[in-house]
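Pasting data23.txt here (compact mmCIF, C-alpha atoms):
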# COMPACT_ATOMS: atom_id res chain seq x y z
CA MET V 1 0.00 0.00 0.00
CA GLU V 2 2.55 2.59 1.08
CA LYS V 3 4.83 1.43 -1.74
CA LYS V 4 2.08 1.96 -4.32
CA LEU V 5 1.24 5.40 -2.92
CA ILE V 6 4.87 6.54 -2.81
CA LEU V 7 5.58 5.42 -6.38
CA ARG V 8 2.45 7.26 -7.55
CA GLY V 9 3.54 10.31 -5.61
CA ILE V 10 6.92 10.32 -7.33
CA LEU V 11 5.20 9.88 -10.70
CA ALA V 12 2.84 12.77 -10.00
CA GLY V 13 5.83 14.84 -8.86
CA ALA V 14 7.75 14.12 -12.08
CA ALA V 15 4.75 15.17 -14.19
CA ALA V 16 4.30 18.28 -12.07
CA GLY V 17 8.02 19.11 -12.33
CA LEU V 18 7.87 18.79 -16.11
CA LEU V 19 4.92 21.20 -16.23
CA ALA V 20 6.69 23.64 -13.92
CA PHE V 21 9.80 23.39 -16.13
CA LEU V 22 7.81 24.30 -19.26
CA PHE V 23 6.30 27.24 -17.38
CA ALA V 24 9.73 28.32 -16.15
CA ARG V 25 11.30 28.01 -19.60
CA ILE V 26 8.63 30.28 -21.10
CA PHE V 27 8.06 32.82 -18.32
CA ALA V 28 11.02 32.78 -15.94
CA GLU V 29 13.98 32.53 -18.32
CA PRO V 30 13.40 35.95 -19.98
CA GLN V 31 13.39 37.55 -16.51
CA ILE V 32 16.50 35.60 -15.49
CA SER V 33 18.22 36.82 -18.68
CA LYS V 34 17.32 40.43 -17.85
CA ALA V 35 18.67 39.97 -14.33
CA ILE V 36 21.94 38.51 -15.65
CA ASP V 37 22.25 41.37 -18.17
CA TYR V 38 21.77 43.82 -15.31
CA GLU V 39 24.45 42.03 -13.31
CA SER V 40 26.92 42.06 -16.22
CA GLY V 41 26.32 45.76 -16.84
CA ARG V 42 26.74 46.56 -13.18
CA ASP V 43 29.94 44.53 -12.95
CA ALA V 44 31.30 46.43 -15.95
CA ALA V 45 30.37 49.78 -14.37
CA GLN V 46 31.97 48.71 -11.09
CA ALA V 47 35.11 47.58 -12.94
CA ALA V 48 35.33 50.99 -14.65
CA LEU V 49 34.96 52.74 -11.29
CA ASP V 50 37.62 50.50 -9.74
CA LYS V 51 39.99 51.13 -12.64
CA ALA V 52 39.49 54.89 -12.34
CA ALA V 53 40.24 54.63 -8.63
CA GLY V 54 43.34 52.55 -9.34
CA LEU V 55 42.03 49.38 -7.66
CA PRO V 56 42.90 45.91 -8.97
CA ALA V 57 40.20 44.24 -11.13
CA ALA V 58 38.14 41.50 -9.48
CA ALA V 59 38.59 38.04 -10.97
CA ALA V 60 35.57 36.76 -12.94
CA ASP V 61 33.95 33.44 -12.03
CA PRO V 62 34.60 30.70 -14.58
CA ASP V 63 31.50 29.55 -16.47
CA LEU V 64 31.14 25.79 -15.97
CA PHE V 65 27.98 25.60 -18.05
CA SER V 66 26.88 27.94 -20.81
CA ARG V 67 23.73 30.01 -20.32
CA THR V 68 22.04 27.83 -22.94
CA VAL V 69 22.67 24.68 -20.94
CA GLN V 70 21.59 26.35 -17.69
CA ALA V 71 18.41 27.80 -19.22
CA ASP V 72 17.33 24.78 -21.29
CA VAL V 73 18.64 21.67 -19.52
CA GLY V 74 19.75 22.61 -16.02
CA ILE V 75 16.53 24.29 -14.99
CA GLY V 76 14.58 21.32 -16.43
CA ALA V 77 16.61 18.79 -14.44
CA GLY V 78 16.31 20.94 -11.33
CA MET V 79 12.55 21.39 -11.61
CA ILE V 80 11.86 17.70 -12.36
CA VAL V 81 14.12 16.40 -9.57
CA PHE V 82 12.53 18.92 -7.19
CA GLY V 83 9.06 17.82 -8.34
CA MET V 84 9.87 14.15 -7.76
CA ALA V 85 11.29 14.90 -4.32
CA MET V 86 8.20 16.91 -3.38
CA GLY V 87 5.97 14.15 -4.84
CA ALA V 88 7.68 11.59 -2.61
CA LEU V 89 7.37 13.77 0.51
CA PHE V 90 3.77 14.50 -0.44
CA ALA V 91 2.97 10.78 -0.73
CA VAL V 92 4.58 10.05 2.65
CA ALA V 93 2.52 12.84 4.25
CA TYR V 94 -0.58 11.56 2.47
CA ALA V 95 -0.04 8.01 3.73
CA VAL V 96 0.43 9.28 7.28
CA CYS V 97 -2.76 11.37 7.03
CA LEU V 98 -4.90 8.51 5.70
CA GLY V 99 -7.55 7.74 8.28
CA ARG V 100 -5.99 10.12 10.81
CA VAL V 101 -7.41 13.48 9.76
CA GLY V 102 -11.13 12.84 9.76
CA ALA V 103 -13.69 11.64 7.23
CA LEU V 104 -12.06 12.84 4.04
CA ARG V 105 -12.28 11.26 0.65
CA ALA V 106 -9.11 10.06 -1.03
CA ARG V 107 -9.21 12.83 -3.62
CA SER V 108 -10.06 15.65 -1.20
CA LEU V 109 -7.22 14.59 1.07
CA ALA V 110 -4.80 14.68 -1.88
CA LEU V 111 -5.69 18.31 -2.60
CA LEU V 112 -5.45 19.31 1.07
CA VAL V 113 -2.03 17.68 1.52
CA ALA V 114 -0.81 19.32 -1.70
CA GLY V 115 -2.08 22.67 -0.39
CA GLY V 116 -0.18 22.06 2.84
CA GLY V 117 2.97 21.28 0.86
CA PHE V 118 2.65 24.48 -1.14
CA LEU V 119 2.19 26.54 2.02
CA GLY V 120 4.81 24.85 4.19
CA MET V 121 7.55 24.08 1.69
CA TYR V 122 7.33 27.31 -0.26
CA LEU V 123 4.75 30.07 0.22
CA VAL V 124 5.13 30.79 3.94
CA PRO V 125 8.98 30.80 3.79
CA PHE V 126 8.67 32.97 0.65
CA LEU V 127 6.71 35.60 2.60
CA LYS V 128 9.73 36.15 4.84
CA TYR V 129 12.54 35.33 2.41
CA PRO V 130 11.21 35.76 -1.14
CA ALA V 131 12.83 34.21 -4.20
CA ASN V 132 15.50 36.37 -5.80
CA PRO V 133 16.74 36.42 -9.40
CA PRO V 134 20.46 36.33 -10.21
CA ALA V 135 22.25 39.63 -9.35
CA ILE V 136 20.49 39.81 -5.97
CA GLY V 137 22.30 38.25 -3.05
CA HIS V 138 25.71 38.85 -1.53
CA GLU V 139 28.04 35.89 -1.78
CA ASP V 140 29.37 36.38 1.73
CA THR V 141 25.96 35.95 3.38
CA ILE V 142 25.00 32.70 1.62
CA ARG V 143 25.48 30.63 4.80
CA ALA V 144 23.24 32.84 6.90
CA ARG V 145 20.63 33.16 4.14
CA SER V 146 20.49 29.39 3.52
CA GLY V 147 20.22 28.69 7.23
CA LEU V 148 17.43 31.23 7.71
CA TYR V 149 15.52 30.02 4.67
CA LEU V 150 15.71 26.35 5.67
CA LEU V 151 14.73 27.27 9.23
CA MET V 152 11.62 28.97 7.85
CA VAL V 153 10.80 25.87 5.78
CA VAL V 154 11.24 23.52 8.75
CA LEU V 155 9.18 25.72 11.09
CA SER V 156 6.42 26.28 8.53
CA VAL V 157 6.01 22.55 7.98
CA ALA V 158 6.24 21.78 11.70
CA PHE V 159 3.65 24.44 12.57
CA LEU V 160 1.32 23.18 9.82
CA VAL V 161 1.52 19.65 11.25
CA ALA V 162 0.92 21.04 14.73
CA ALA V 163 -2.06 23.06 13.45
CA ALA V 164 -3.58 19.95 11.86
CA TRP V 165 -3.12 18.08 15.14
CA LEU V 166 -4.62 20.98 17.12
CA GLY V 167 -7.60 21.12 14.79
CA ARG V 168 -8.25 17.42 15.31
CA ARG V 169 -8.06 17.87 19.09
CA LEU V 170 -10.47 20.81 19.08
CA GLN V 171 -12.94 19.33 16.62
CA PRO V 172 -15.04 17.25 19.08
CA ARG V 173 -15.47 20.25 21.40
CA VAL V 174 -16.06 23.19 19.04
CA GLY V 175 -17.00 21.54 15.74
CA ASN V 176 -15.31 21.40 12.37
CA TRP V 177 -15.68 25.03 11.37
CA ASN V 178 -14.43 26.56 14.60
CA ALA V 179 -11.67 23.98 15.03
CA THR V 180 -10.37 24.75 11.52
CA LEU V 181 -10.48 28.51 12.15
CA LEU V 182 -8.76 28.20 15.54
CA ALA V 183 -6.03 25.94 14.16
CA ALA V 184 -5.44 28.29 11.22
CA GLY V 185 -5.33 31.26 13.58
CA ALA V 186 -2.83 29.52 15.84
CA PHE V 187 -0.66 28.78 12.82
CA VAL V 188 -0.70 32.41 11.67
CA VAL V 189 0.14 33.71 15.14
CA ALA V 190 2.98 31.20 15.67
CA ILE V 191 4.63 31.63 12.27
CA GLY V 192 4.05 35.40 12.42
CA ALA V 193 5.99 35.54 15.69
CA VAL V 194 8.84 33.60 14.07
CA MET V 195 8.88 36.01 11.12
CA LEU V 196 9.07 38.97 13.50
CA VAL V 197 11.98 37.45 15.41
CA LEU V 198 14.08 36.29 12.43
CA PRO V 199 16.21 39.05 10.86
CA SER V 200 15.63 40.44 7.38
CA VAL V 201 18.37 39.46 4.96
CA GLY V 202 19.56 43.07 4.67
CA HIS V 203 19.92 43.34 8.45
CA LEU V 204 22.53 40.59 8.73
CA ALA V 205 25.66 41.91 10.46
CA TYR V 206 27.81 41.60 7.33
CA ASN V 207 25.33 43.56 5.21
CA LYS V 208 24.91 46.34 7.78
CA GLU V 209 28.66 46.70 7.96
CA HIS V 210 29.32 46.76 4.21
CA PHE V 211 26.12 48.10 2.64
CA GLY V 212 24.35 50.15 5.31
CA ASN V 213 20.98 49.66 6.96
CA HIS V 214 18.65 48.27 4.28
CA ALA V 215 15.99 45.57 4.57
CA THR V 216 17.12 43.52 1.57
CA GLU V 217 20.16 42.76 -0.57
CA THR V 218 18.50 44.13 -3.71
CA PRO V 219 21.20 46.25 -5.43
CA LEU V 220 20.78 50.01 -5.03
CA PRO V 221 22.05 52.48 -7.64
CA LEU V 222 25.82 52.42 -8.07
CA THR V 223 27.41 55.79 -7.38
CA ASP V 224 30.88 57.16 -8.08
CA GLY V 225 33.08 59.02 -5.62
CA HIS V 226 30.99 62.19 -5.97
CA GLY V 227 27.67 60.46 -5.25
CA ARG V 228 26.56 60.59 -8.90
CA ILE V 229 24.56 57.59 -10.05
CA VAL V 230 26.55 55.74 -12.69
CA TYR V 231 24.41 52.61 -12.85
CA PRO V 232 20.73 52.19 -11.81
CA GLY V 233 19.38 50.01 -9.01
CA PHE V 234 17.92 46.60 -9.80
CA PRO V 235 14.84 47.03 -12.07
CA ALA V 236 11.70 46.73 -9.94
CA ASP V 237 9.58 45.28 -12.74
CA VAL V 238 12.01 42.40 -13.33
CA LEU V 239 12.05 41.63 -9.61
CA PHE V 240 8.26 41.64 -9.39
CA SER V 241 7.80 39.48 -12.49
CA PHE V 242 10.40 36.98 -11.34
CA ARG V 243 8.78 36.59 -7.92
CA CYS V 244 5.28 36.47 -9.34
CA TYR V 245 6.28 33.70 -11.78
CA SER V 246 8.11 31.90 -8.99
CA VAL V 247 4.91 31.74 -6.93
CA ALA V 248 2.92 30.74 -10.00
CA ALA V 249 5.34 27.92 -10.82
CA GLN V 250 5.13 26.49 -7.30
CA LEU V 251 1.36 26.81 -7.33
CA LEU V 252 1.34 24.94 -10.64
CA LEU V 253 3.71 22.29 -9.30
CA TRP V 254 1.73 21.56 -6.14
CA SER V 255 -1.64 21.73 -7.90
CA ALA V 256 -0.39 19.23 -10.46
CA ILE V 257 0.95 16.92 -7.74
CA GLY V 258 -2.44 16.98 -5.99
CA LEU V 259 -4.56 16.67 -9.12
CA VAL V 260 -2.48 13.88 -10.73
CA PHE V 261 -2.14 11.96 -7.47
CA ALA V 262 -5.81 12.25 -6.44
CA PRO V 263 -7.37 9.83 -8.99
CA LEU V 264 -4.38 7.46 -8.73
CA ALA V 265 -4.75 7.28 -4.95
CA GLU V 266 -8.47 6.79 -5.22
CA ARG V 267 -7.93 3.79 -7.49
CA VAL V 268 -5.42 2.32 -5.05
CA LEU V 269 -7.70 2.84 -2.04
CA GLN V 270 -11.15 2.24 -3.52
CA PRO V 271 -11.16 -1.59 -3.80
CA ARG V 272 -10.38 -1.85 -0.11
CA ALA V 273 -13.04 0.66 0.84
CA GLU V 274 -15.65 -1.27 -1.11
CA ALA V 275 -14.58 -4.66 0.21
CA ALA V 276 -14.64 -3.38 3.76
CA ALA V 277 -17.97 -1.61 3.45
CA PRO V 278 -20.65 -4.36 3.54
CA GLY V 279 -19.85 -5.59 7.01
CA ALA V 280 -17.01 -7.81 5.86
CA ALA V 281 -14.01 -8.35 8.09
CA PRO V 282 -11.57 -5.49 7.71
CA VAL V 283 -8.88 -6.27 5.20
CA PRO V 284 -5.50 -6.38 6.89
CA VAL V 285 -3.21 -3.78 5.42
CA MET Z 1 -14.14 18.28 7.38
CA SER Z 2 -16.94 15.73 7.17
CA SER Z 3 -18.95 18.15 5.07
CA ILE Z 4 -16.63 17.47 2.13
CA SER Z 5 -17.26 13.73 2.04
CA ALA Z 6 -20.61 12.94 0.53
CA SER Z 7 -20.75 9.21 1.23
CA ARG Z 8 -19.19 7.42 4.14
CA PRO Z 9 -17.72 4.41 2.33
CA ALA Z 10 -15.72 6.72 0.11
CA ALA Z 11 -13.93 8.29 3.08
CA THR Z 12 -10.34 7.19 3.60
CA PRO Z 13 -10.49 4.41 6.17
CA VAL Z 14 -7.02 3.00 5.75
CA VAL Z 15 -4.64 3.71 8.57
CA LEU Z 16 -1.19 2.47 7.71
CA PRO Z 17 0.39 0.55 10.54
CA ALA Z 18 3.41 2.68 11.26
CA ALA Z 19 5.83 -0.18 11.93
CA LYS Z 20 5.16 -2.09 8.70
CA ALA Z 21 5.27 0.93 6.45
CA ALA Z 22 8.26 2.54 8.15
CA LEU Z 23 10.93 1.25 5.76
CA TRP Z 24 9.31 2.63 2.63
CA MET Z 25 8.15 5.82 4.30
CA PHE Z 26 11.52 6.68 5.82
CA GLY Z 27 13.39 5.55 2.71
CA ALA Z 28 11.28 7.73 0.43
CA ALA Z 29 11.46 10.71 2.77
CA ALA Z 30 15.25 10.38 3.12
CA LEU Z 31 15.80 10.15 -0.65
CA ALA Z 32 13.46 13.09 -1.20
CA LEU Z 33 15.37 15.22 1.31
CA ILE Z 34 18.68 14.31 -0.34
CA ALA Z 35 17.27 15.38 -3.73
CA TYR Z 36 15.91 18.58 -2.16
CA TYR Z 37 19.35 19.25 -0.72
CA PHE Z 38 21.16 18.80 -4.03
CA VAL Z 39 18.74 20.95 -6.01
CA GLY Z 40 18.49 23.66 -3.37
CA VAL Z 41 21.48 23.85 -1.08
CA ASP Z 42 24.63 21.90 -2.08
CA GLN Z 43 27.74 23.83 -3.17
CA GLY Z 44 26.28 27.01 -1.77
CA ALA Z 45 26.33 27.38 1.99
CA VAL Z 46 27.66 23.84 2.47
CA SER Z 47 29.13 21.39 -0.01
CA VAL Z 48 29.64 17.63 -0.04
CA PHE Z 49 32.01 17.76 -3.04
CA GLY Z 50 34.26 20.48 -1.65
CA LYS Z 51 34.96 23.43 -3.93
CA ASP Z 52 33.41 21.88 -7.07
CA MET Z 53 30.50 23.93 -8.43
CA HIS Z 54 29.06 21.71 -11.17
CA VAL Z 55 25.83 20.78 -9.37
CA HIS Z 56 25.27 24.37 -8.27
CA GLU Z 57 25.92 25.82 -11.74
CA PHE Z 58 23.85 23.16 -13.52
CA VAL Z 59 20.67 23.67 -11.46
CA HIS Z 60 21.46 27.40 -10.98
CA ASP Z 61 18.31 28.78 -12.62
CA ALA Z 62 16.01 26.26 -10.93
CA ARG Z 63 17.56 27.09 -7.57
CA HIS Z 64 16.79 30.79 -7.99
CA PHE Z 65 13.33 30.16 -9.36
CA LEU Z 66 12.31 27.65 -6.67
CA GLY Z 67 13.04 30.25 -4.00
CA PHE Z 68 16.34 28.99 -2.58
CA PRO Z 69 19.06 31.47 -1.65
CA CYS Z 70 21.81 31.14 -4.29
CA HIS Z 71 25.37 32.60 -4.16
Same coordinates, now as structure tokens:
Amino acid sequence: MEKKLILRGILAGAAAGLLAFLFARIFAEPQISKAIDYESGRDAAQAALDKAAGLPAAAADPDLFSRTVQADVGIGAGMIVFGMAMGALFAVAYAVCLGRVGALRARSLALLVAGGGFLGMYLVPFLKYPANPPAIGHEDTIRARSGLYLLMVVLSVAFLVAAAWLGRRLQPRVGNWNATLLAAGAFVVAIGAVMLVLPSVGHLAYNKEHFGNHATETPLPLTDGHGRIVYPGFPADVLFSFRCYSVAAQLLLWSAIGLVFAPLAERVLQPRAEAAAPGAAPVPV
Amino acid sequence: MSSISASRPAATPVVLPAAKAALWMFGAAALALIAYYFVGVDQGAVSVFGKDMHVHEFVHDARHFLGFPCH
């Protein structure tokens, strides 16, 4: 049973990852290209400033893969592997939830678990630490940023599980509607407190020291020694589009996982439900 | 949530016995987390292959787009 569900989860995840890849190739790649163009232009402007000031030129990073490979193959592999991994985690969560979260049908449960995955693995962490295109992000803070992001993911998922458990505990006393609202409220309060406590990326000690007191690492206009702007800040429209498409891609991915998995799971579970229904002895799992 | 289920027999009655299913469940979850790590984190903040950057550079665009912090 669990083997069948997990394999179907991975299959659903692969299909969802493929869809998300197609979406990313069409919508995200143009924005990523604009971000990389911005970064190249800014690096050139910075190099010119450094040269004028008599500073040594910074060494360029070697390109291990061409932009074509990164934008056509790499992102596809990344999205599909990510989809399969999320499909597997989804199926494990689904199997654990079966029969433990109330009288839900196989298909409804699939959509709810997928919704939980979208919230916990991506959307809630995104609210605190949103996705950034290339050109945004200081190399020297990658450790702190990764740690903070993963902490948000872990806490979001943990609080979602706790909220589901709390809802189940409250349900007999206050009913379905109120239990759901109370559990959701508890989740918002708990994760909101975490978001308040965790620092913004721009407020990390390294950033405050080197870049001043700003909330994010989004590049500001580059100025020369006289304070004249020689290169603009990161384009706001590119940043918005990139983040918007990032949310859309994850929504697509998790919706596809739920919608592909739902009928598959129903077919796996249905024969047992029917066999067990007319007073027959429960089938051992 | 009972309002969603129209007929009782269609509700999900199967409760997996935790002990029997543990191998597959933990195996799948562990593999999934390893894949998540390689797509999202490796050769950034921490690296299992030392200074090599091939994994990071290959999945670079996906890493940005999926919301992970990247270089």
- Task: Determine, counting all atoms listed in the file, which protein, DNA and RNA residues have an atom within 12 Å of an atom of stretch 19-27 of chain Z; residues of the same chain fewer than 3 positions away are not included. Present the result as number ranges by chain.
- Result: V: 1-7, 9, 85, 88-96, 284-285; Z: 15-16, 30-34
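When all atoms listed in the file are used to measure the gap to Z:His71, the shortest distance among V:Gly13, V:Pro125, V:Gly137, V:Gly78 belongs to V:Gly137.
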- Task: Name all residues at most 10 Å from Z:Val41 (count only C-alpha atoms; drop same-chain ones fewer than 4 positions away) and give them as a PyMOL selection string.
- Result: (chain V and resi 142-143+146-147+150) or (chain Z and resi 34-37+45-47+55-56+63+68-70)
- Correct to one decimal, the distance atom CA of V:Pro271-atom CA of V:Leu11 is 21.1 Å
- Task: Record the distance separating atom CA of V:Leu182 and atom CA of V:Gly115, expressed in Å with one decimal.
- Result: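 One can read the atom CA of V:Leu182 to atom CA of V:Gly115 distance as 18.1 Å.
A straight line drawn from atom CA of V:Met79 to atom CA of V:Ser66 is 18.2 Å long.
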- Message: Can you tell me which residues surround V:Ala190 at a distance of at most 10 Å, considering all atoms listed in the file, apart from same-chain residues fewer than 6 positions away, and format the answer as a ChimeraX atom specification?
- Response: /V:155-156,159,163,184
Could you add the missing atoms to stretch 173-204 of chain V, up to N, CA and C atoms, and return them as a compact mmCIF listing (two decimals), in the coordinates of the input?
# COMPACT_ATOMS: atom_id res chain seq x y z
N ARG V 173 -14.93 19.27 20.46
CA ARG V 173 -15.47 20.25 21.40
C ARG V 173 -16.15 21.42 20.70
N VAL V 174 -15.53 21.95 19.63
CA VAL V 174 -16.06 23.19 19.04
C VAL V 174 -16.59 23.00 17.63
N GLY V 175 -16.49 21.80 17.09
CA GLY V 175 -17.00 21.54 15.74
C GLY V 175 -15.95 21.81 14.68
N ASN V 176 -16.27 21.32 13.48
CA ASN V 176 -15.31 21.40 12.37
C ASN V 176 -14.90 22.82 12.02
N TRP V 177 -15.92 23.66 11.83
CA TRP V 177 -15.68 25.03 11.37
C TRP V 177 -14.79 25.79 12.34
N ASN V 178 -15.19 25.80 13.61
CA ASN V 178 -14.43 26.56 14.60
C ASN V 178 -13.05 25.96 14.83
N ALA V 179 -12.97 24.62 14.82
CA ALA V 179 -11.67 23.98 15.03
C ALA V 179 -10.71 24.37 13.91
N THR V 180 -11.22 24.38 12.66
CA THR V 180 -10.37 24.75 11.52
C THR V 180 -9.90 26.20 11.65
N LEU V 181 -10.83 27.10 12.01
CA LEU V 181 -10.48 28.51 12.15
C LEU V 181 -9.46 28.71 13.28
N LEU V 182 -9.68 28.04 14.41
CA LEU V 182 -8.76 28.20 15.54
C LEU V 182 -7.37 27.67 15.20
N ALA V 183 -7.34 26.51 14.53
CA ALA V 183 -6.03 25.94 14.16
C ALA V 183 -5.32 26.86 13.18
N ALA V 184 -6.06 27.39 12.20
CA ALA V 184 -5.44 28.29 11.22
C ALA V 184 -4.95 29.56 11.92
N GLY V 185 -5.74 30.07 12.85
CA GLY V 185 -5.33 31.26 13.58
C GLY V 185 -4.08 31.01 14.39
N ALA V 186 -4.02 29.85 15.05
CA ALA V 186 -2.83 29.52 15.84
C ALA V 186 -1.61 29.44 14.95
N PHE V 187 -1.78 28.88 13.76
CA PHE V 187 -0.66 28.78 12.82
C PHE V 187 -0.15 30.17 12.44
N VAL V 188 -1.10 31.06 12.10
CA VAL V 188 -0.70 32.41 11.67
C VAL V 188 0.03 33.14 12.79
N VAL V 189 -0.50 33.03 14.01
CA VAL V 189 0.14 33.71 15.14
C VAL V 189 1.55 33.16 15.37
N ALA V 190 1.68 31.82 15.36
CA ALA V 190 2.98 31.20 15.67
C ALA V 190 4.01 31.55 14.60
N ILE V 191 3.64 31.38 13.33
CA ILE V 191 4.63 31.63 12.27
C ILE V 191 4.88 33.14 12.13
N GLY V 192 3.86 33.94 12.44
CA GLY V 192 4.05 35.40 12.42
C GLY V 192 5.07 35.83 13.47
N ALA V 193 5.01 35.22 14.64
CA ALA V 193 5.99 35.54 15.69
C ALA V 193 7.39 35.17 15.22
N VAL V 194 7.52 34.01 14.58
CA VAL V 194 8.84 33.60 14.07
C VAL V 194 9.35 34.61 13.04
N MET V 195 8.46 35.05 12.16
CA MET V 195 8.88 36.01 11.12
C MET V 195 9.34 37.34 11.74
N LEU V 196 8.67 37.73 12.82
CA LEU V 196 9.07 38.97 13.50
C LEU V 196 10.45 38.84 14.11
N VAL V 197 10.73 37.65 14.68
CA VAL V 197 11.98 37.45 15.41
C VAL V 197 13.16 37.29 14.45
N LEU V 198 12.96 36.53 13.35
CA LEU V 198 14.08 36.29 12.43
C LEU V 198 14.47 37.59 11.72
N PRO V 199 15.77 37.80 11.48
CA PRO V 199 16.21 39.05 10.86
C PRO V 199 15.90 39.08 9.36
N SER V 200 15.68 40.28 8.82
CA SER V 200 15.63 40.44 7.38
C SER V 200 17.02 40.21 6.82
N VAL V 201 17.07 39.77 5.56
CA VAL V 201 18.37 39.46 4.96
C VAL V 201 19.30 40.68 4.99
N GLY V 202 18.74 41.86 4.71
CA GLY V 202 19.56 43.07 4.67
C GLY V 202 20.11 43.46 6.03
N HIS V 203 19.49 42.96 7.09
CA HIS V 203 19.92 43.34 8.45
C HIS V 203 20.94 42.39 9.05
N LEU V 204 21.45 41.45 8.25
CA LEU V 204 22.53 40.59 8.73
C LEU V 204 23.75 41.47 9.02
